[in-house]
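File shown here: target_0.cif, holding mmCIF, C-alpha atoms.
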```
data_protein
loop_
_atom_site.label_atom_id
_atom_site.label_comp_id
_atom_site.auth_asym_id
_atom_site.auth_seq_id
_atom_site.Cartn_x
_atom_site.Cartn_y
_atom_site.Cartn_z
CA ALA A 1 87.39 128.36 170.28
CA PRO A 2 84.27 130.48 169.73
CA THR A 3 81.49 128.89 167.69
CA GLY A 4 82.27 128.90 163.97
CA THR A 5 86.04 129.25 164.40
CA THR A 6 88.83 126.72 164.54
CA LEU A 7 91.18 126.39 167.49
CA CYS A 8 93.93 128.02 165.41
CA GLU A 9 91.71 131.00 164.58
CA GLY A 10 90.86 131.33 168.28
CA ARG A 11 94.55 131.43 169.18
CA VAL A 12 95.24 134.03 166.49
CA GLU A 13 92.37 136.14 167.87
CA SER A 14 93.79 135.82 171.40
CA PHE A 15 97.24 136.84 170.16
CA MET A 16 95.78 139.85 168.34
CA ASN A 17 93.89 140.96 171.46
CA THR A 18 97.09 140.66 173.50
CA PHE A 19 99.00 142.63 170.85
CA LYS A 20 96.34 145.35 170.92
CA MET A 21 96.61 145.62 174.69
CA VAL A 22 100.40 145.95 174.54
CA LEU A 23 99.97 148.63 171.88
CA ILE A 24 97.43 150.51 174.02
CA PHE A 25 99.74 150.35 177.05
CA LEU A 26 102.57 151.77 174.91
CA VAL A 27 100.34 154.55 173.55
CA LEU A 28 99.32 155.40 177.11
CA MET A 29 102.96 155.59 178.13
CA ILE A 30 103.89 157.78 175.16
CA LEU A 31 100.93 160.07 175.85
CA PHE A 32 102.01 160.41 179.47
CA ILE A 33 105.61 161.19 178.53
CA TRP A 34 104.54 163.73 175.88
CA ILE A 35 102.21 165.59 178.23
CA GLY A 36 104.78 165.33 181.03
CA GLY A 37 107.27 167.01 178.69
CA ILE A 38 104.82 169.80 177.88
CA VAL A 39 103.99 170.42 181.52
CA GLY A 40 107.37 169.89 183.16
CA GLY A 41 110.06 169.67 180.49
CA ARG A 42 112.64 166.92 180.79
CA GLN A 43 111.92 166.39 184.50
CA GLY A 44 108.18 166.16 183.74
CA MET A 45 108.90 163.51 181.11
CA VAL A 46 110.86 161.42 183.60
CA ILE A 47 108.12 161.72 186.24
CA ALA A 48 105.46 160.87 183.64
CA PHE A 49 107.48 157.85 182.45
CA VAL A 50 107.79 156.51 185.99
CA LEU A 51 104.10 157.15 186.67
CA ALA A 52 103.01 155.46 183.42
CA THR A 53 105.25 152.46 184.11
CA VAL A 54 103.83 152.04 187.62
CA MET A 55 100.25 152.43 186.37
CA ASN A 56 100.76 149.86 183.59
CA PHE A 57 102.40 147.43 186.04
CA ILE A 58 99.58 147.77 188.57
CA ALA A 59 96.88 147.56 185.89
CA TYR A 60 98.36 144.37 184.44
CA TRP A 61 99.22 142.50 187.64
CA PHE A 62 96.60 143.66 190.15
CA SER A 63 93.50 144.82 188.27
CA ASP A 64 91.61 141.60 188.98
CA LYS A 65 92.16 141.97 192.72
CA MET A 66 91.14 145.63 192.62
CA VAL A 67 87.92 144.93 190.68
CA LEU A 68 86.94 142.02 192.91
CA ALA A 69 87.61 144.10 196.05
CA MET A 70 85.64 147.04 194.63
CA TYR A 71 82.59 144.78 194.23
CA ARG A 72 83.19 143.09 197.61
CA ALA A 73 83.23 139.75 195.78
CA LYS A 74 83.75 136.67 197.91
CA GLN A 75 85.69 133.73 196.50
CA ILE A 76 83.77 130.50 196.84
CA ASN A 77 84.53 126.82 196.63
CA GLU A 78 82.34 124.02 195.39
CA GLN A 79 80.69 123.47 198.77
CA ASP A 80 79.61 127.14 199.01
CA ASN A 81 77.58 127.10 195.79
CA PRO A 82 77.63 123.74 193.96
CA ARG A 83 75.33 124.99 191.18
CA LEU A 84 77.50 127.95 190.11
CA PHE A 85 80.70 125.96 190.52
CA ARG A 86 79.34 123.06 188.41
CA ILE A 87 78.28 125.41 185.62
CA VAL A 88 81.60 127.29 185.57
CA ARG A 89 83.54 123.99 185.53
CA SER A 90 81.35 122.63 182.72
CA VAL A 91 81.77 125.72 180.54
CA ALA A 92 85.54 125.89 181.22
CA THR A 93 85.91 122.23 180.22
CA LYS A 94 83.90 122.71 177.02
CA ALA A 95 85.98 125.78 176.13
CA MET A 96 89.23 123.92 176.98
CA LEU A 97 90.17 126.60 179.50
CA PRO A 98 91.64 126.27 182.98
CA MET A 99 89.09 126.49 185.79
CA PRO A 100 88.89 130.16 186.84
CA ARG A 101 88.46 131.28 190.42
CA VAL A 102 84.76 131.69 191.19
CA TYR A 103 83.28 134.63 193.13
CA ILE A 104 79.87 135.76 194.28
CA VAL A 105 79.08 139.47 194.55
CA PRO A 106 76.70 140.28 197.42
CA THR A 107 74.18 142.39 195.52
CA LYS A 108 70.71 141.80 194.15
CA GLY A 109 71.31 143.42 190.73
CA PRO A 110 71.73 140.68 188.11
CA ASN A 111 75.25 140.84 186.68
CA ALA A 112 78.35 138.79 185.98
CA PHE A 113 81.88 139.61 184.88
CA ALA A 114 85.24 138.05 184.17
CA THR A 115 88.54 139.54 185.23
CA GLY A 116 92.22 138.62 185.22
CA ARG A 117 95.19 139.08 182.95
CA ASN A 118 95.03 135.69 181.21
CA PRO A 119 93.14 132.38 181.34
CA GLN A 120 95.53 130.96 183.95
CA ASN A 121 94.79 133.88 186.32
CA ALA A 122 91.14 134.49 185.52
CA ALA A 123 88.16 134.87 187.80
CA VAL A 124 84.43 134.76 187.09
CA ALA A 125 82.00 136.59 189.37
CA ALA A 126 78.22 136.43 189.53
CA THR A 127 75.86 138.46 191.69
CA GLU A 128 73.47 136.88 194.17
CA GLY A 129 70.62 138.50 192.22
CA MET A 130 71.63 136.80 189.00
CA LEU A 131 71.89 133.41 190.71
CA GLU A 132 68.36 133.85 192.07
CA LEU A 133 66.90 135.09 188.79
CA LEU A 134 68.31 132.69 186.17
CA ASN A 135 67.69 129.00 185.62
CA ASP A 136 70.65 126.69 184.89
CA ASP A 137 70.47 127.05 181.10
CA GLU A 138 70.37 130.85 181.30
CA LEU A 139 73.19 130.91 183.85
CA GLU A 140 75.27 128.64 181.60
CA GLY A 141 74.77 131.13 178.75
CA VAL A 142 75.92 134.05 180.89
CA ILE A 143 78.93 132.12 182.21
CA GLY A 144 79.73 131.05 178.63
CA HIS A 145 79.76 134.71 177.61
CA GLU A 146 82.17 135.53 180.45
CA MET A 147 84.39 132.56 179.58
CA ALA A 148 84.58 133.85 175.99
CA HIS A 149 86.03 137.07 177.43
CA ILE A 150 88.63 134.97 179.25
CA GLN A 151 89.41 132.92 176.14
CA ASN A 152 89.97 136.02 174.01
CA TYR A 153 91.83 138.07 176.64
CA ASP A 154 89.05 140.67 176.50
CA MET A 155 89.33 141.24 180.25
CA LEU A 156 92.38 143.42 179.67
CA ILE A 157 90.32 145.80 177.56
CA GLY A 158 88.30 146.84 180.60
CA THR A 159 91.50 147.12 182.62
CA VAL A 160 93.12 149.34 180.02
CA ALA A 161 89.99 151.49 179.76
CA ALA A 162 90.02 152.03 183.53
CA THR A 163 93.76 152.78 183.45
CA ILE A 164 93.32 155.32 180.66
CA ALA A 165 90.49 157.01 182.57
CA GLY A 166 92.71 157.21 185.64
CA ALA A 167 95.61 158.47 183.55
CA ILE A 168 93.49 161.25 182.07
CA GLY A 169 92.51 162.31 185.58
CA ILE A 170 96.14 162.36 186.69
CA LEU A 171 97.25 164.22 183.57
CA SER A 172 94.57 166.88 184.08
CA SER A 173 95.74 167.32 187.68
CA MET A 174 99.35 167.63 186.48
CA ALA A 175 98.33 170.32 184.00
#
```
Output the structure of this file as structure tokens.
Amino acid sequence: APTGTTLCEGRVESFMNTFKMVLIFLVLMILFIWIGGIVGGRQGMVIAFVLATVMNFIAYWFSDKMVLAMYRAKQINEQDNPRLFRIVRSVATKAMLPMPRVYIVPTKGPNAFATGRNPQNAAVAATEGMLELLNDDELEGVIGHEMAHIQNYDMLIGTVAATIAGAIGILSSMA
């Protein structure tokens, strides 16, 4: 659990974040159906419903793969980068989380991110630039921040934001 909270409070926070994501997906679907009805009547509503369902399905199940591919992230094992792997394993153990998949992004800009739909399907990525720039303590802090996103299911927030942006683009094209 995050510092200053009990394990129970951490689980309640995770549940609330999951509930919020489900609510946002439902609002997105209702918005799609409503606008589909305005633009195309009953047939537009059906098309919008199908489109929203497909978008929600893809966003939930495949967003991590899409994000990692977009950044050209390469999955690594312990032999590829023992330092990063050791730090991720240490932070995951301290946070009582499953070991996420570990990726390196081939860019010099210092950055890191977490992605995945839940802790069991999570991935942590770090850029080559960040690995060169930070010492072990600093890197552990950054990885700890990303693991907190995994623990609290915050990764879905970014996924939903991207889905909503895409939905707005599709809706404007439909109109």
Could you give me, as a tab-separated table, every region 32-111 of chain A residue with an atom at most 9 Å from region 144-152 of chain A, plus its closest atom pair and distance in Å to one decimal, counting all atoms listed in the file, rows ordered by chain then number?
```
residue	atom	partner	partner_atom	distance
A:Val88	CA	A:Gly144	CA	8.1
A:Val91	CA	A:Gly144	CA	6.0
A:Ala92	CA	A:Met147	CA	7.0
A:Ala95	CA	A:Met147	CA	7.8
A:Leu97	CA	A:Gln151	CA	7.2
A:Pro100	CA	A:Met147	CA	8.9
```
Emit the selected residues as a PDB file, in the coordinates of the input, including C-alpha atoms.
```pdb
ATOM      1  CA  VAL A  88      81.600 127.290 185.570  1.00  0.00           C
ATOM      2  CA  VAL A  91      81.770 125.720 180.540  1.00  0.00           C
ATOM      3  CA  ALA A  92      85.540 125.890 181.220  1.00  0.00           C
ATOM      4  CA  ALA A  95      85.980 125.780 176.130  1.00  0.00           C
ATOM      5  CA  LEU A  97      90.170 126.600 179.500  1.00  0.00           C
ATOM      6  CA  PRO A 100      88.890 130.160 186.840  1.00  0.00           C
TER       7      PRO A 100
END
```
Counting only C-alpha atoms, the option among A:Ser90, A:Thr127, A:Gln79, A:Thr18 closest to Met155 (chain A):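 Comparing A:Ser90, A:Thr127, A:Gln79, A:Thr18 against Met155 (chain A), the winner is A:Thr18.
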Using all atoms listed in the file, which of A:Thr107, A:Asn56, A:Thr115, A:Thr93 sits nearest Ile30 (chain A)?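 That would be A:Asn56, the residue with the smallest distance to Ile30 (chain A).
You will find CA of Met29 (chain A) at 5.3 Å from CA of Ala52 (chain A).
Among the candidates A:Gly141, A:Gly41, A:Gly129, A:Gly36, the residue lying nearest to Pro110 (chain A) is A:Gly129 (atoms considered: all atoms listed in the file).
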Give me, as a ChimeraX atom specification, all polymer residues having an atom no more than 10 Å from Gly116 (chain A), counting all atoms listed in the file and skipping those fewer than 2 positions away in the same chain. /A:60-65,67-68,100-101,114,118-124,150,153-156,159
Give the answer as one residue: which of A:Tyr103, A:Phe49, A:Phe57, A:Phe19 has the shortest atom-to-atom distance to Ala69 (chain A), using only C-alpha atoms?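 Going through A:Tyr103, A:Phe49, A:Phe57, A:Phe19 one by one, the smallest distance to Ala69 (chain A) is for A:Tyr103.
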Picked residues, the PyMOL selection byres ((chain A and resi 131) around 10), as JSON, numbers by chain: {"A": [81, 83, 84, 104, 108, 110, 111, 112, 126, 127, 128, 129, 130, 132, 133, 134, 135, 136, 138, 139]}
Rounded to one decimal place, report the CA of Thr53 (chain A)-CA of Asn17 (chain A) distance in Å.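 Atom-to-atom, CA of Thr53 (chain A) and CA of Asn17 (chain A) are spaced 20.5 Å apart.
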For Met55 (chain A), the closest of A:Val105, A:Gly169, A:Ile157, A:Phe25 counting all atoms listed in the file is A:Phe25
Could you give me the axis-aligned bounding box of region 78-83 of chain A, with 6 Å of padding per side, as centre plus edge lengths in Å to one decimal, as JSON?
```
{"center_x": 78.8, "center_y": 125.3, "center_z": 195.1, "size_x": 19.0, "size_y": 15.7, "size_z": 19.8}
```
Since fewer atoms than expected are present, regenerate N, CA and C atoms for region 133-150 of chain A and write them as a short mmCIF file (atom, residue, chain, number, x, y, z; two decimals), in the coordinates of the input.
```
data_model
loop_
_atom_site.label_atom_id
_atom_site.label_comp_id
_atom_site.auth_asym_id
_atom_site.auth_seq_id
_atom_site.Cartn_x
_atom_site.Cartn_y
_atom_site.Cartn_z
N LEU A 133 67.77 134.78 189.92
CA LEU A 133 66.90 135.09 188.79
C LEU A 133 66.95 134.06 187.66
N LEU A 134 68.14 133.53 187.36
CA LEU A 134 68.31 132.69 186.17
C LEU A 134 68.21 131.21 186.48
N ASN A 135 67.65 130.46 185.50
CA ASN A 135 67.69 129.00 185.62
C ASN A 135 69.07 128.52 185.14
N ASP A 136 69.32 127.22 185.22
CA ASP A 136 70.65 126.69 184.89
C ASP A 136 71.06 126.96 183.45
N ASP A 137 70.13 126.81 182.51
CA ASP A 137 70.47 127.05 181.10
C ASP A 137 70.84 128.52 180.87
N GLU A 138 70.08 129.42 181.45
CA GLU A 138 70.37 130.85 181.30
C GLU A 138 71.70 131.21 181.96
N LEU A 139 71.93 130.65 183.14
CA LEU A 139 73.19 130.91 183.85
C LEU A 139 74.37 130.37 183.05
N GLU A 140 74.20 129.20 182.43
CA GLU A 140 75.27 128.64 181.60
C GLU A 140 75.58 129.57 180.42
N GLY A 141 74.55 130.18 179.84
CA GLY A 141 74.77 131.13 178.75
C GLY A 141 75.56 132.35 179.20
N VAL A 142 75.21 132.88 180.36
CA VAL A 142 75.92 134.05 180.89
C VAL A 142 77.37 133.69 181.21
N ILE A 143 77.57 132.55 181.87
CA ILE A 143 78.93 132.12 182.21
C ILE A 143 79.72 131.84 180.93
N GLY A 144 79.06 131.28 179.92
CA GLY A 144 79.73 131.05 178.63
C GLY A 144 80.21 132.35 178.01
N HIS A 145 79.38 133.39 178.12
CA HIS A 145 79.76 134.71 177.61
C HIS A 145 81.01 135.21 178.35
N GLU A 146 81.02 135.07 179.67
CA GLU A 146 82.17 135.53 180.45
C GLU A 146 83.42 134.70 180.13
N MET A 147 83.25 133.41 179.92
CA MET A 147 84.39 132.56 179.58
C MET A 147 84.95 132.91 178.19
N ALA A 148 84.09 133.39 177.29
CA ALA A 148 84.58 133.85 175.99
C ALA A 148 85.49 135.07 176.17
N HIS A 149 85.14 135.93 177.13
CA HIS A 149 86.03 137.07 177.43
C HIS A 149 87.39 136.57 177.91
N ILE A 150 87.38 135.55 178.75
CA ILE A 150 88.63 134.97 179.25
C ILE A 150 89.42 134.37 178.09
#
```
